[in-house]
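This is query_31.json. It holds JSON, C-alpha atoms.
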[["chain", "number", "residue", "atom", "x", "y", "z"],
["A", 29, "MET", "CA", 88.55, 114.44, 157.31],
["A", 30, "THR", "CA", 84.85, 114.88, 158.03],
["A", 31, "SER", "CA", 83.02, 111.57, 158.33],
["A", 32, "ASN", "CA", 80.30, 110.86, 155.79],
["A", 33, "ARG", "CA", 77.87, 108.25, 157.15],
["A", 34, "TRP", "CA", 75.82, 108.19, 153.96],
["A", 35, "ALA", "CA", 78.89, 107.48, 151.85],
["A", 36, "GLY", "CA", 80.12, 104.91, 154.36],
["A", 37, "HIS", "CA", 76.89, 102.94, 154.19],
["A", 38, "ALA", "CA", 77.09, 103.00, 150.41],
["A", 39, "LEU", "CA", 80.65, 101.69, 150.47],
["A", 40, "ALA", "CA", 79.81, 98.74, 152.70],
["A", 41, "ALA", "CA", 77.03, 97.52, 150.48],
["A", 42, "LEU", "CA", 79.08, 98.23, 147.37],
["A", 43, "LEU", "CA", 81.96, 96.04, 148.51],
["A", 44, "ALA", "CA", 79.70, 93.22, 149.62],
["A", 45, "LEU", "CA", 77.20, 93.25, 146.78],
["A", 46, "SER", "CA", 78.93, 94.56, 143.67],
["A", 47, "VAL", "CA", 79.91, 91.20, 142.13],
["A", 48, "ALA", "CA", 78.70, 91.85, 138.60],
["A", 49, "THR", "CA", 78.32, 88.26, 137.41],
["A", 50, "PRO", "CA", 78.55, 84.77, 138.97],
["A", 51, "ALA", "CA", 81.73, 84.21, 136.94],
["A", 52, "MET", "CA", 83.34, 87.12, 138.75],
["A", 53, "ALA", "CA", 82.60, 85.69, 142.19],
["A", 54, "GLN", "CA", 85.77, 83.57, 142.03],
["A", 55, "ASN", "CA", 87.78, 86.80, 141.78],
["A", 56, "ASP", "CA", 86.10, 88.65, 144.63],
["A", 57, "ARG", "CA", 89.04, 88.35, 147.03],
["A", 58, "MET", "CA", 91.00, 91.53, 147.62],
["A", 59, "THR", "CA", 94.64, 90.86, 146.74],
["A", 60, "PRO", "CA", 97.33, 93.48, 147.40],
["A", 61, "ILE", "CA", 99.25, 94.54, 144.30],
["A", 62, "ALA", "CA", 102.11, 96.91, 143.57],
["A", 63, "THR", "CA", 101.08, 100.45, 142.76],
["A", 64, "PRO", "CA", 100.64, 100.56, 138.97],
["A", 65, "ALA", "CA", 102.79, 102.88, 136.91],
["A", 66, "GLN", "CA", 100.87, 106.10, 136.24],
["A", 67, "PRO", "CA", 103.33, 108.08, 134.13],
["A", 68, "ASN", "CA", 100.72, 110.52, 132.84],
["A", 69, "ALA", "CA", 99.13, 111.29, 136.22],
["A", 70, "ILE", "CA", 99.32, 114.97, 137.10],
["A", 71, "ALA", "CA", 99.34, 116.10, 140.73],
["A", 72, "LEU", "CA", 96.48, 118.48, 141.46],
["A", 73, "ASN", "CA", 98.28, 120.18, 144.34],
["A", 74, "THR", "CA", 95.24, 120.31, 146.58],
["A", 75, "GLY", "CA", 97.48, 119.28, 149.45],
["A", 76, "PRO", "CA", 97.78, 116.12, 151.51],
["A", 77, "LEU", "CA", 94.66, 114.75, 153.16],
["A", 78, "PRO", "CA", 94.49, 116.32, 156.63],
["A", 79, "GLY", "CA", 95.39, 113.87, 159.38],
["A", 80, "ALA", "CA", 96.25, 111.01, 157.02],
["A", 81, "SER", "CA", 98.83, 108.51, 158.29],
["A", 82, "ASN", "CA", 98.40, 105.50, 155.97],
["A", 83, "ALA", "CA", 100.05, 105.54, 152.56],
["A", 84, "GLU", "CA", 98.24, 104.92, 149.29],
["A", 85, "SER", "CA", 97.93, 101.23, 148.39],
["A", 86, "TRP", "CA", 96.32, 99.17, 145.64],
["A", 87, "HIS", "CA", 94.58, 95.82, 145.34],
["A", 88, "SER", "CA", 92.94, 93.67, 142.70],
["A", 89, "GLN", "CA", 89.36, 92.38, 142.87],
["A", 90, "TYR", "CA", 86.74, 91.35, 140.30],
["A", 91, "ASP", "CA", 89.45, 91.25, 137.61],
["A", 92, "SER", "CA", 89.97, 94.97, 138.15],
["A", 93, "VAL", "CA", 92.22, 97.22, 140.24],
["A", 94, "PHE", "CA", 91.42, 99.56, 143.09],
["A", 95, "ALA", "CA", 93.26, 102.29, 144.99],
["A", 96, "ARG", "CA", 92.73, 103.22, 148.63],
["A", 97, "ASN", "CA", 94.18, 105.59, 151.20],
["A", 98, "VAL", "CA", 94.67, 108.16, 148.46],
["A", 99, "THR", "CA", 96.12, 111.23, 150.17],
["A", 100, "GLN", "CA", 97.28, 113.21, 147.11],
["A", 101, "ALA", "CA", 94.84, 113.83, 144.26],
["A", 102, "THR", "CA", 95.87, 113.34, 140.64],
["A", 103, "LEU", "CA", 94.34, 113.70, 137.20],
["A", 104, "THR", "CA", 95.27, 111.37, 134.32],
["A", 105, "PRO", "CA", 94.53, 112.51, 130.74],
["A", 106, "PHE", "CA", 93.30, 110.14, 128.06],
["A", 107, "LEU", "CA", 93.39, 112.21, 124.89],
["A", 108, "PRO", "CA", 91.75, 111.18, 121.61],
["A", 109, "ASP", "CA", 93.50, 110.86, 118.28],
["A", 110, "PRO", "CA", 93.81, 114.48, 117.06],
["A", 111, "ALA", "CA", 92.01, 113.45, 113.87],
["A", 112, "LYS", "CA", 88.99, 112.38, 115.97],
["A", 113, "ALA", "CA", 89.08, 115.08, 118.65],
["A", 114, "THR", "CA", 85.76, 116.89, 119.02],
["A", 115, "GLY", "CA", 86.80, 119.45, 121.64],
["A", 116, "ALA", "CA", 84.48, 117.91, 124.22],
["A", 117, "ALA", "CA", 85.95, 116.61, 127.48],
["A", 118, "VAL", "CA", 84.80, 114.65, 130.54],
["A", 119, "ILE", "CA", 86.19, 114.44, 134.07],
["A", 120, "VAL", "CA", 85.71, 110.80, 135.18],
["A", 121, "ALA", "CA", 85.13, 110.14, 138.90],
["A", 122, "PRO", "CA", 85.33, 106.46, 139.92],
["A", 123, "GLY", "CA", 83.31, 105.17, 142.84],
["A", 124, "GLY", "CA", 84.12, 103.21, 145.98],
["A", 125, "GLY", "CA", 82.34, 104.77, 148.93],
["A", 126, "PHE", "CA", 85.09, 107.37, 149.49],
["A", 127, "ARG", "CA", 87.32, 104.63, 150.92],
["A", 128, "THR", "CA", 88.50, 103.01, 147.71],
["A", 129, "LEU", "CA", 88.47, 103.86, 144.01],
["A", 130, "SER", "CA", 87.51, 101.51, 141.18],
["A", 131, "MET", "CA", 90.28, 102.90, 139.01],
["A", 132, "GLN", "CA", 90.02, 100.45, 136.12],
["A", 133, "ASN", "CA", 86.34, 99.59, 135.69],
["A", 134, "GLU", "CA", 85.00, 103.06, 136.52],
["A", 135, "GLY", "CA", 88.04, 105.11, 135.57],
["A", 136, "TRP", "CA", 90.58, 104.10, 132.95],
["A", 137, "ASP", "CA", 88.22, 101.88, 130.93],
["A", 138, "VAL", "CA", 85.59, 104.64, 130.80],
["A", 139, "ALA", "CA", 88.20, 107.21, 129.78],
["A", 140, "LYS", "CA", 89.57, 104.98, 127.03],
["A", 141, "ALA", "CA", 86.06, 104.46, 125.63],
["A", 142, "LEU", "CA", 85.40, 108.22, 125.63],
["A", 143, "ALA", "CA", 88.73, 108.97, 123.93],
["A", 144, "ALA", "CA", 87.92, 106.39, 121.26],
["A", 145, "ARG", "CA", 84.81, 108.48, 120.49],
["A", 146, "GLY", "CA", 86.81, 111.69, 120.16],
["A", 147, "ILE", "CA", 86.14, 112.97, 123.68],
["A", 148, "ALA", "CA", 89.10, 113.91, 125.87],
["A", 149, "ALA", "CA", 88.79, 112.16, 129.23],
["A", 150, "PHE", "CA", 90.51, 112.80, 132.54],
["A", 151, "VAL", "CA", 90.42, 110.28, 135.39],
["A", 152, "LEU", "CA", 90.21, 111.94, 138.78],
["A", 153, "LYS", "CA", 91.93, 110.06, 141.58],
["A", 154, "TYR", "CA", 90.48, 112.04, 144.46],
["A", 155, "ARG", "CA", 91.44, 111.91, 148.11],
["A", 156, "LEU", "CA", 89.77, 109.26, 150.26],
["A", 157, "ASN", "CA", 88.83, 108.53, 153.84],
["A", 158, "GLN", "CA", 91.58, 106.57, 155.57],
["A", 159, "THR", "CA", 91.27, 102.80, 155.96],
["A", 160, "PRO", "CA", 93.47, 100.28, 157.83],
["A", 161, "ALA", "CA", 96.82, 99.79, 156.11],
["A", 162, "ASP", "CA", 96.67, 96.02, 156.62],
["A", 163, "MET", "CA", 94.50, 94.28, 154.02],
["A", 164, "GLY", "CA", 93.04, 91.84, 156.54],
["A", 165, "ALA", "CA", 92.07, 94.68, 158.86],
["A", 166, "PHE", "CA", 90.61, 96.56, 155.92],
["A", 167, "GLU", "CA", 88.44, 93.58, 154.94],
["A", 168, "LYS", "CA", 87.24, 93.20, 158.55],
["A", 169, "SER", "CA", 86.35, 96.88, 158.72],
["A", 170, "MET", "CA", 84.32, 96.54, 155.55],
["A", 171, "ALA", "CA", 82.52, 93.48, 156.88],
["A", 172, "ALA", "CA", 81.68, 95.34, 160.07],
["A", 173, "MET", "CA", 80.42, 98.30, 158.10],
["A", 174, "PHE", "CA", 78.29, 96.05, 155.92],
["A", 175, "SER", "CA", 76.67, 94.48, 158.97],
["A", 176, "SER", "CA", 75.58, 97.95, 160.03],
["A", 177, "VAL", "CA", 73.85, 98.45, 156.69],
["A", 178, "ALA", "CA", 71.45, 95.65, 157.58],
["A", 179, "ARG", "CA", 70.20, 97.83, 160.43],
["A", 180, "PRO", "CA", 68.44, 100.72, 158.67],
["A", 181, "ALA", "CA", 69.02, 104.09, 160.25],
["A", 182, "ALA", "CA", 67.89, 107.58, 159.42],
["A", 183, "ARG", "CA", 70.12, 108.99, 156.73],
["A", 184, "PRO", "CA", 71.04, 112.64, 156.37],
["A", 185, "SER", "CA", 69.58, 114.56, 153.49],
["A", 186, "PRO", "CA", 71.69, 114.47, 150.31],
["A", 187, "ALA", "CA", 72.58, 118.13, 150.72],
["A", 188, "ASP", "CA", 73.77, 117.57, 154.30],
["A", 189, "ALA", "CA", 75.68, 114.43, 153.38],
["A", 190, "LEU", "CA", 77.46, 116.18, 150.54],
["A", 191, "LYS", "CA", 78.73, 118.83, 152.94],
["A", 192, "GLY", "CA", 81.19, 116.23, 154.24],
["A", 193, "LEU", "CA", 82.96, 116.02, 150.89],
["A", 194, "SER", "CA", 84.99, 119.22, 150.96],
["A", 195, "PRO", "CA", 88.38, 117.60, 150.13],
["A", 196, "GLN", "CA", 86.89, 115.68, 147.21],
["A", 197, "VAL", "CA", 85.02, 118.71, 145.88],
["A", 198, "ALA", "CA", 88.25, 120.70, 146.10],
["A", 199, "ASP", "CA", 89.91, 117.97, 144.02],
["A", 200, "ALA", "CA", 87.13, 118.16, 141.44],
["A", 201, "ARG", "CA", 87.44, 121.95, 141.24],
["A", 202, "ALA", "CA", 91.19, 121.61, 140.74],
["A", 203, "ALA", "CA", 90.63, 119.05, 137.98],
["A", 204, "PHE", "CA", 88.37, 121.41, 136.05],
["A", 205, "ALA", "CA", 90.80, 124.29, 136.59],
["A", 206, "LEU", "CA", 93.71, 122.21, 135.29],
["A", 207, "VAL", "CA", 91.89, 121.09, 132.15],
["A", 208, "ARG", "CA", 90.77, 124.63, 131.39],
["A", 209, "SER", "CA", 94.28, 126.00, 131.96],
["A", 210, "ARG", "CA", 95.68, 123.52, 129.41],
["A", 211, "ALA", "CA", 92.68, 123.52, 127.09],
["A", 212, "ALA", "CA", 94.63, 124.80, 124.09],
["A", 213, "GLU", "CA", 97.35, 122.17, 124.54],
["A", 214, "TRP", "CA", 94.83, 119.36, 124.94],
["A", 215, "LYS", "CA", 92.51, 120.63, 122.18],
["A", 216, "VAL", "CA", 89.61, 121.02, 124.60],
["A", 217, "ASP", "CA", 86.82, 123.61, 124.53],
["A", 218, "PRO", "CA", 86.68, 125.11, 128.07],
["A", 219, "ASP", "CA", 82.91, 125.46, 127.73],
["A", 220, "ARG", "CA", 82.35, 121.78, 126.86],
["A", 221, "ILE", "CA", 83.85, 119.99, 129.85],
["A", 222, "GLY", "CA", 81.46, 117.62, 131.57],
["A", 223, "MET", "CA", 81.76, 115.16, 134.46],
["A", 224, "VAL", "CA", 80.62, 111.58, 134.92],
["A", 225, "GLY", "CA", 80.68, 109.72, 138.22],
["A", 226, "PHE", "CA", 79.89, 106.25, 139.49],
["A", 227, "SER", "CA", 78.24, 105.54, 142.86],
["A", 228, "ALA", "CA", 80.31, 107.66, 145.28],
["A", 229, "GLY", "CA", 81.79, 109.35, 142.21],
["A", 230, "ALA", "CA", 78.24, 110.22, 141.19],
["A", 231, "MET", "CA", 77.73, 111.77, 144.63],
["A", 232, "LEU", "CA", 80.88, 113.81, 144.05],
["A", 233, "THR", "CA", 79.63, 114.83, 140.61],
["A", 234, "VAL", "CA", 76.38, 116.17, 142.06],
["A", 235, "ALA", "CA", 78.31, 117.82, 144.91],
["A", 236, "THR", "CA", 80.49, 119.55, 142.32],
["A", 237, "VAL", "CA", 77.38, 121.00, 140.71],
["A", 238, "LEU", "CA", 76.00, 122.12, 144.09],
["A", 239, "ASP", "CA", 79.34, 123.72, 144.97],
["A", 240, "GLY", "CA", 78.81, 126.07, 142.03],
["A", 241, "GLN", "CA", 82.46, 126.80, 141.16],
["A", 242, "ALA", "CA", 83.65, 124.22, 138.62],
["A", 243, "LYS", "CA", 80.46, 124.48, 136.52],
["A", 244, "PRO", "CA", 80.46, 121.25, 134.48],
["A", 245, "ALA", "CA", 78.82, 121.69, 131.07],
["A", 246, "PHE", "CA", 76.94, 118.40, 131.59],
["A", 247, "ILE", "CA", 76.98, 115.53, 134.08],
["A", 248, "GLY", "CA", 76.46, 111.78, 134.18],
["A", 249, "ASP", "CA", 75.14, 110.16, 137.38],
["A", 250, "ILE", "CA", 75.75, 106.40, 137.04],
["A", 251, "TYR", "CA", 74.14, 104.33, 139.81],
["A", 252, "GLY", "CA", 74.39, 107.13, 142.33],
["A", 253, "PRO", "CA", 71.73, 108.15, 144.89],
["A", 254, "LEU", "CA", 68.59, 109.57, 143.29],
["A", 255, "GLN", "CA", 67.13, 111.30, 146.32],
["A", 256, "PRO", "CA", 65.56, 114.71, 145.63],
["A", 257, "MET", "CA", 67.44, 117.92, 146.31],
["A", 258, "THR", "CA", 67.26, 121.57, 145.42],
["A", 259, "VAL", "CA", 68.56, 122.09, 141.89],
["A", 260, "PRO", "CA", 70.79, 125.14, 141.31],
["A", 261, "ALA", "CA", 69.50, 127.71, 138.85],
["A", 262, "ASP", "CA", 72.51, 127.10, 136.59],
["A", 263, "ALA", "CA", 72.44, 123.30, 136.83],
["A", 264, "PRO", "CA", 73.74, 121.57, 133.69],
["A", 265, "PRO", "CA", 72.01, 118.84, 131.65],
["A", 266, "MET", "CA", 72.05, 115.51, 133.47],
["A", 267, "PHE", "CA", 72.19, 111.90, 132.30],
["A", 268, "ALA", "CA", 71.33, 109.30, 134.94],
["A", 269, "ALA", "CA", 71.38, 105.50, 134.84],
["A", 270, "ILE", "CA", 70.70, 102.80, 137.42],
["A", 271, "ALA", "CA", 69.61, 99.15, 137.49],
["A", 272, "ALA", "CA", 66.28, 98.19, 139.04],
["A", 273, "ASP", "CA", 68.04, 95.52, 141.10],
["A", 274, "ASP", "CA", 70.70, 97.90, 142.45],
["A", 275, "PRO", "CA", 70.96, 96.92, 146.14],
["A", 276, "LEU", "CA", 71.94, 100.42, 147.22],
["A", 277, "PHE", "CA", 69.89, 103.06, 145.50],
["A", 278, "ALA", "CA", 67.08, 101.40, 143.52],
["A", 279, "GLY", "CA", 63.55, 101.28, 144.85],
["A", 280, "LYS", "CA", 63.83, 104.62, 146.63],
["A", 281, "GLY", "CA", 62.23, 106.78, 143.97],
["A", 282, "PHE", "CA", 63.74, 109.02, 141.33],
["A", 283, "GLY", "CA", 63.55, 112.33, 143.12],
["A", 284, "LEU", "CA", 66.78, 113.71, 141.69],
["A", 285, "VAL", "CA", 65.54, 113.21, 138.14],
["A", 286, "ASP", "CA", 62.15, 114.65, 139.04],
["A", 287, "ALA", "CA", 63.83, 117.68, 140.61],
["A", 288, "TRP", "CA", 65.94, 118.28, 137.49],
["A", 289, "MET", "CA", 62.83, 118.11, 135.31],
["A", 290, "ALA", "CA", 60.83, 120.35, 137.65],
["A", 291, "ALA", "CA", 63.64, 122.90, 137.37],
["A", 292, "LYS", "CA", 63.26, 122.64, 133.58],
["A", 293, "LYS", "CA", 66.80, 121.37, 133.14],
["A", 294, "PRO", "CA", 67.56, 118.78, 130.44],
["A", 295, "ALA", "CA", 67.49, 115.28, 131.93],
["A", 296, "GLU", "CA", 67.67, 111.76, 130.55],
["A", 297, "PHE", "CA", 67.09, 108.73, 132.77],
["A", 298, "HIS", "CA", 67.73, 105.03, 132.08],
["A", 299, "LEU", "CA", 66.31, 102.39, 134.44],
["A", 300, "TYR", "CA", 67.73, 99.01, 133.47],
["A", 301, "GLY", "CA", 65.93, 95.84, 134.52],
["A", 302, "GLN", "CA", 69.08, 94.16, 135.79],
["A", 303, "GLY", "CA", 72.71, 95.02, 136.39],
["A", 304, "GLY", "CA", 73.14, 95.31, 140.13],
["A", 305, "HIS", "CA", 75.53, 97.92, 141.47],
["A", 306, "GLY", "CA", 78.96, 98.72, 140.10],
["A", 307, "PHE", "CA", 78.49, 97.33, 136.60],
["A", 308, "GLY", "CA", 80.55, 100.12, 135.01],
["A", 309, "MET", "CA", 82.41, 98.84, 131.98],
["A", 310, "TYR", "CA", 82.28, 95.16, 132.98],
["A", 311, "PRO", "CA", 81.03, 93.00, 130.07],
["A", 312, "LYS", "CA", 77.63, 91.63, 131.07],
["A", 313, "THR", "CA", 74.62, 90.04, 129.45],
["A", 314, "THR", "CA", 72.26, 92.59, 131.00],
["A", 315, "THR", "CA", 71.01, 95.67, 129.14],
["A", 316, "SER", "CA", 72.83, 97.85, 131.70],
["A", 317, "THR", "CA", 75.93, 97.28, 129.57],
["A", 318, "GLY", "CA", 74.37, 99.70, 127.09],
["A", 319, "TRP", "CA", 74.65, 102.68, 129.43],
["A", 320, "PHE", "CA", 77.88, 103.92, 127.81],
["A", 321, "ASP", "CA", 76.50, 103.98, 124.27],
["A", 322, "ALA", "CA", 73.38, 105.72, 125.58],
["A", 323, "PHE", "CA", 75.51, 108.28, 127.43],
["A", 324, "TYR", "CA", 77.54, 108.96, 124.29],
["A", 325, "ARG", "CA", 74.41, 109.34, 122.13],
["A", 326, "TRP", "CA", 72.99, 111.71, 124.73],
["A", 327, "ILE", "CA", 76.15, 113.86, 124.60],
["A", 328, "VAL", "CA", 75.76, 113.97, 120.83],
["A", 329, "MET", "CA", 72.05, 114.83, 121.05],
["A", 330, "GLU", "CA", 72.69, 117.65, 123.49],
["A", 331, "GLY", "CA", 75.17, 119.17, 121.05],
["A", 332, "PHE", "CA", 78.35, 118.90, 123.09],
["A", 333, "LEU", "CA", 80.37, 117.45, 120.23],
["A", 334, "ASN", "CA", 79.75, 120.65, 118.28],
["A", 335, "ALA", "CA", 81.87, 123.73, 118.56],
["A", 336, "LYS", "CA", 78.91, 125.54, 120.07],
["A", 337, "GLY", "CA", 77.52, 122.98, 122.51],
["A", 338, "LYS", "CA", 74.33, 123.55, 124.41],
["A", 339, "THR", "CA", 74.59, 124.74, 127.98],
["A", 340, "GLY", "CA", 71.14, 123.72, 129.16]]

With the file now loaded, output its structure as structure tokens.
Amino acid sequence: MTSNRWAGHALAALLALSVATPAMAQNDRMTPIATPAQPNAIALNTGPLPGASNAESWHSQYDSVFARNVTQATLTPFLPDPAKATGAAVIVAPGGGFRTLSMQNEGWDVAKALAARGIAAFVLKYRLNQTPADMGAFEKSMAAMFSSVARPAARPSPADALKGLSPQVADARAAFALVRSRAAEWKVDPDRIGMVGFSAGAMLTVATVLDGQAKPAFIGDIYGPLQPMTVPADAPPMFAAIAADDPLFAGKGFGLVDAWMAAKKPAEFHLYGQGGHGFGMYPKTTTSTGWFDAFYRWIVMEGFLNAKGKTG
């Protein structure tokens, strides 16, 4: 798999700095766990990760669960009560620097919250860069990577960095294709399927837009990079949120939001005073916890809960 230095730097800082609250610090140790049952997960058939030798494994950390060494992509539906279903849908892309996936905090918990609001949600477990099979070796590799983050180096442009995500983008395309192929069964409007991503998942969300094939109806970029890039002519409405004390991507400007606005595409941006990186659905005392309600209200405002949602 093509190396992605930008994503790797993000992962190192994420793993070292994403403790959401002091109370969570006592649970920051990575502990191997059995692979959870995923009876509703659907294989996306995008093929095994080229060159992968280590099998998928899971661990707990921060009172949540994470997957790594994912070599086969899956999509797990979280469907709303039919009485509440709006026809809108969201592909949910957890983060983790393309070496791990925050499946609970940035995946299942997000999907459950969307389904409770009448929005069908689908958690994308996309393929990842390989990491050492041994947990101790994995932790050492992360520590080594984090030490490199302290030595700033020139980073590739966002567009160049996203070129290294071809397996993940293929997984995202397959996820959209699957949902659209079963739209009638799942009571989903094919024209009202959006995507929300967190950190690396936000990078994948933007890459999916740039790829131009899946065509999300709207996107959410939650504490992802906000560097400027060329916005496609058919770019969808974008919701973005980040904390001012995010150790990865705050303090570097809001070029992505500016670019969306300059392209006259609908954009909403929330800069929270505190929250760090990786807050997701963790309960916190900071205002960043309000991102989900804001995201939902934005979806409503943009008309995507209506049978004829806006397209930008």

In Å, rounded to a single decimal, give me how far CA of Asp56 (chain A) is from CA of Gly318 (chain A).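 We find that CA of Gly318 (chain A) and CA of Asp56 (chain A) lie 23.8 Å from each other.
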
When you count all atoms listed in the file, which of these residues is closest to Ala205 (chain A): A:Leu77, A:Leu72, A:Ala161, A:Ala149?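 Counting all atoms listed in the file, the residue closest to Ala205 (chain A) is A:Leu72.
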
Can you tell me, as a PyMOL selection string, what residues are no more than 10 Å from Pro260 (chain A) when counting all atoms listed in the file, ignoring any on the same chain fewer than 5 positions away? chain A and resi 237-240+288+291+293

Between CA of Pro244 (chain A) and CA of Pro76 (chain A), what is the distance in Å, rounded to a tenth?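 If I compute the distance from CA of Pro244 (chain A) to CA of Pro76 (chain A), I get 24.8 Å.
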
Considering all atoms listed in the file, return as a compact mmCIF listing (two decimals) with C-alpha atoms, in the coordinates of the input whatever protein or nucleic-acid residues lie within 7 Å of Arg127 (chain A), sequence-local ones (same chain, fewer than 6 positions apart) excluded.
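Result written to around_25.txt:
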# COMPACT_ATOMS: atom_id res chain seq x y z
CA ARG A 96 92.73 103.22 148.63
CA ASN A 97 94.18 105.59 151.20
CA LEU A 156 89.77 109.26 150.26
CA ASN A 157 88.83 108.53 153.84
CA GLN A 158 91.58 106.57 155.57
CA THR A 159 91.27 102.80 155.96

For Ala235 (chain A), list every protein, DNA or RNA residue within 9 Å, evaluated using all atoms listed in the file, and leave out those in the same chain fewer than 3 positions away; present the list as a PDB file with C-alpha atoms, in the frame of the given file.
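Output file out_7.pdb follows:
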ATOM      1  CA  ALA A 187      72.580 118.130 150.720  1.00  0.00           C
ATOM      2  CA  LEU A 190      77.460 116.180 150.540  1.00  0.00           C
ATOM      3  CA  LYS A 191      78.730 118.830 152.940  1.00  0.00           C
ATOM      4  CA  LEU A 193      82.960 116.020 150.890  1.00  0.00           C
ATOM      5  CA  VAL A 197      85.020 118.710 145.880  1.00  0.00           C
ATOM      6  CA  ALA A 230      78.240 110.220 141.190  1.00  0.00           C
ATOM      7  CA  MET A 231      77.730 111.770 144.630  1.00  0.00           C
ATOM      8  CA  LEU A 232      80.880 113.810 144.050  1.00  0.00           C
ATOM      9  CA  LEU A 238      76.000 122.120 144.090  1.00  0.00           C
ATOM     10  CA  ASP A 239      79.340 123.720 144.970  1.00  0.00           C
ATOM     11  CA  GLY A 240      78.810 126.070 142.030  1.00  0.00           C
TER      12      GLY A 240
END

Skip Ala242 (chain A) itself and residues of its chain fewer than 3 positions away, then list as an MDAnalysis selection string all residues within 7 Å of it, counting all atoms listed in the file. chainID A and resid 201 204 236

Got time to write the residues from that selection, C-alpha atoms, as a PDB file, keeping the file's coordinate frame?
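The resulting file, selection-v9.pdb, is shown below:
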ATOM      1  CA  ARG A 201      87.440 121.950 141.240  1.00  0.00           C
ATOM      2  CA  PHE A 204      88.370 121.410 136.050  1.00  0.00           C
ATOM      3  CA  THR A 236      80.490 119.550 142.320  1.00  0.00           C
TER       4      THR A 236
END

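With all atoms listed in the file taken into account, the protein and nucleic acid residues at most 9 Å from Val216 (chain A) (excluding it and anything under 3 positions from it in its own chain) are Ala113, Thr114, Gly115, Ala116, Ala117, Ile147, Ala148, Val207, Arg208, Arg210, Ala211, Ala212, Glu213, Asp219, Arg220 and Ile221 of chain A.
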
Any chance you could model N, CA and C atoms for region 157-173 of chain A and send them as a PDB file, in the coordinates of the input?
ATOM      1  N   ASN A 157      88.788 108.798 152.407  1.00  0.00           N
ATOM      2  CA  ASN A 157      88.830 108.530 153.840  1.00  0.00           C
ATOM      3  C   ASN A 157      89.873 107.455 154.104  1.00  0.00           C
ATOM      4  N   GLN A 158      90.564 107.558 155.214  1.00  0.00           N
ATOM      5  CA  GLN A 158      91.580 106.570 155.570  1.00  0.00           C
ATOM      6  C   GLN A 158      90.948 105.225 155.965  1.00  0.00           C
ATOM      7  N   THR A 159      91.656 104.162 155.590  1.00  0.00           N
ATOM      8  CA  THR A 159      91.270 102.800 155.960  1.00  0.00           C
ATOM      9  C   THR A 159      92.499 102.107 156.552  1.00  0.00           C
ATOM     10  N   PRO A 160      92.311 100.982 157.256  1.00  0.00           N
ATOM     11  CA  PRO A 160      93.470 100.280 157.830  1.00  0.00           C
ATOM     12  C   PRO A 160      94.497  99.925 156.757  1.00  0.00           C
ATOM     13  N   ALA A 161      95.768 100.100 157.073  1.00  0.00           N
ATOM     14  CA  ALA A 161      96.820  99.790 156.110  1.00  0.00           C
ATOM     15  C   ALA A 161      96.876  98.301 155.807  1.00  0.00           C
ATOM     16  N   ASP A 162      96.635  97.469 156.801  1.00  0.00           N
ATOM     17  CA  ASP A 162      96.670  96.020 156.620  1.00  0.00           C
ATOM     18  C   ASP A 162      95.434  95.553 155.863  1.00  0.00           C
ATOM     19  N   MET A 163      95.619  94.727 154.833  1.00  0.00           N
ATOM     20  CA  MET A 163      94.500  94.280 154.020  1.00  0.00           C
ATOM     21  C   MET A 163      93.484  93.491 154.836  1.00  0.00           C
ATOM     22  N   GLY A 164      93.961  92.616 155.718  1.00  0.00           N
ATOM     23  CA  GLY A 164      93.040  91.840 156.540  1.00  0.00           C
ATOM     24  C   GLY A 164      92.192  92.736 157.423  1.00  0.00           C
ATOM     25  N   ALA A 165      92.811  93.748 158.021  1.00  0.00           N
ATOM     26  CA  ALA A 165      92.070  94.680 158.860  1.00  0.00           C
ATOM     27  C   ALA A 165      91.079  95.494 158.036  1.00  0.00           C
ATOM     28  N   PHE A 166      91.505  95.831 156.817  1.00  0.00           N
ATOM     29  CA  PHE A 166      90.610  96.560 155.920  1.00  0.00           C
ATOM     30  C   PHE A 166      89.375  95.731 155.599  1.00  0.00           C
ATOM     31  N   GLU A 167      89.574  94.459 155.257  1.00  0.00           N
ATOM     32  CA  GLU A 167      88.440  93.580 154.940  1.00  0.00           C
ATOM     33  C   GLU A 167      87.512  93.440 156.143  1.00  0.00           C
ATOM     34  N   LYS A 168      88.078  93.316 157.345  1.00  0.00           N
ATOM     35  CA  LYS A 168      87.240  93.200 158.550  1.00  0.00           C
ATOM     36  C   LYS A 168      86.447  94.476 158.788  1.00  0.00           C
ATOM     37  N   SER A 169      87.068  95.615 158.521  1.00  0.00           N
ATOM     38  CA  SER A 169      86.350  96.880 158.720  1.00  0.00           C
ATOM     39  C   SER A 169      85.194  97.011 157.754  1.00  0.00           C
ATOM     40  N   MET A 170      85.397  96.495 156.539  1.00  0.00           N
ATOM     41  CA  MET A 170      84.320  96.540 155.550  1.00  0.00           C
ATOM     42  C   MET A 170      83.187  95.592 155.932  1.00  0.00           C
ATOM     43  N   ALA A 171      83.545  94.426 156.455  1.00  0.00           N
ATOM     44  CA  ALA A 171      82.520  93.480 156.880  1.00  0.00           C
ATOM     45  C   ALA A 171      81.708  94.056 158.027  1.00  0.00           C
ATOM     46  N   ALA A 172      82.381  94.729 158.947  1.00  0.00           N
ATOM     47  CA  ALA A 172      81.680  95.340 160.070  1.00  0.00           C
ATOM     48  C   ALA A 172      80.761  96.455 159.594  1.00  0.00           C
ATOM     49  N   MET A 173      81.243  97.222 158.631  1.00  0.00           N
ATOM     50  CA  MET A 173      80.420  98.300 158.100  1.00  0.00           C
ATOM     51  C   MET A 173      79.201  97.742 157.378  1.00  0.00           C
TER      52      MET A 173
END
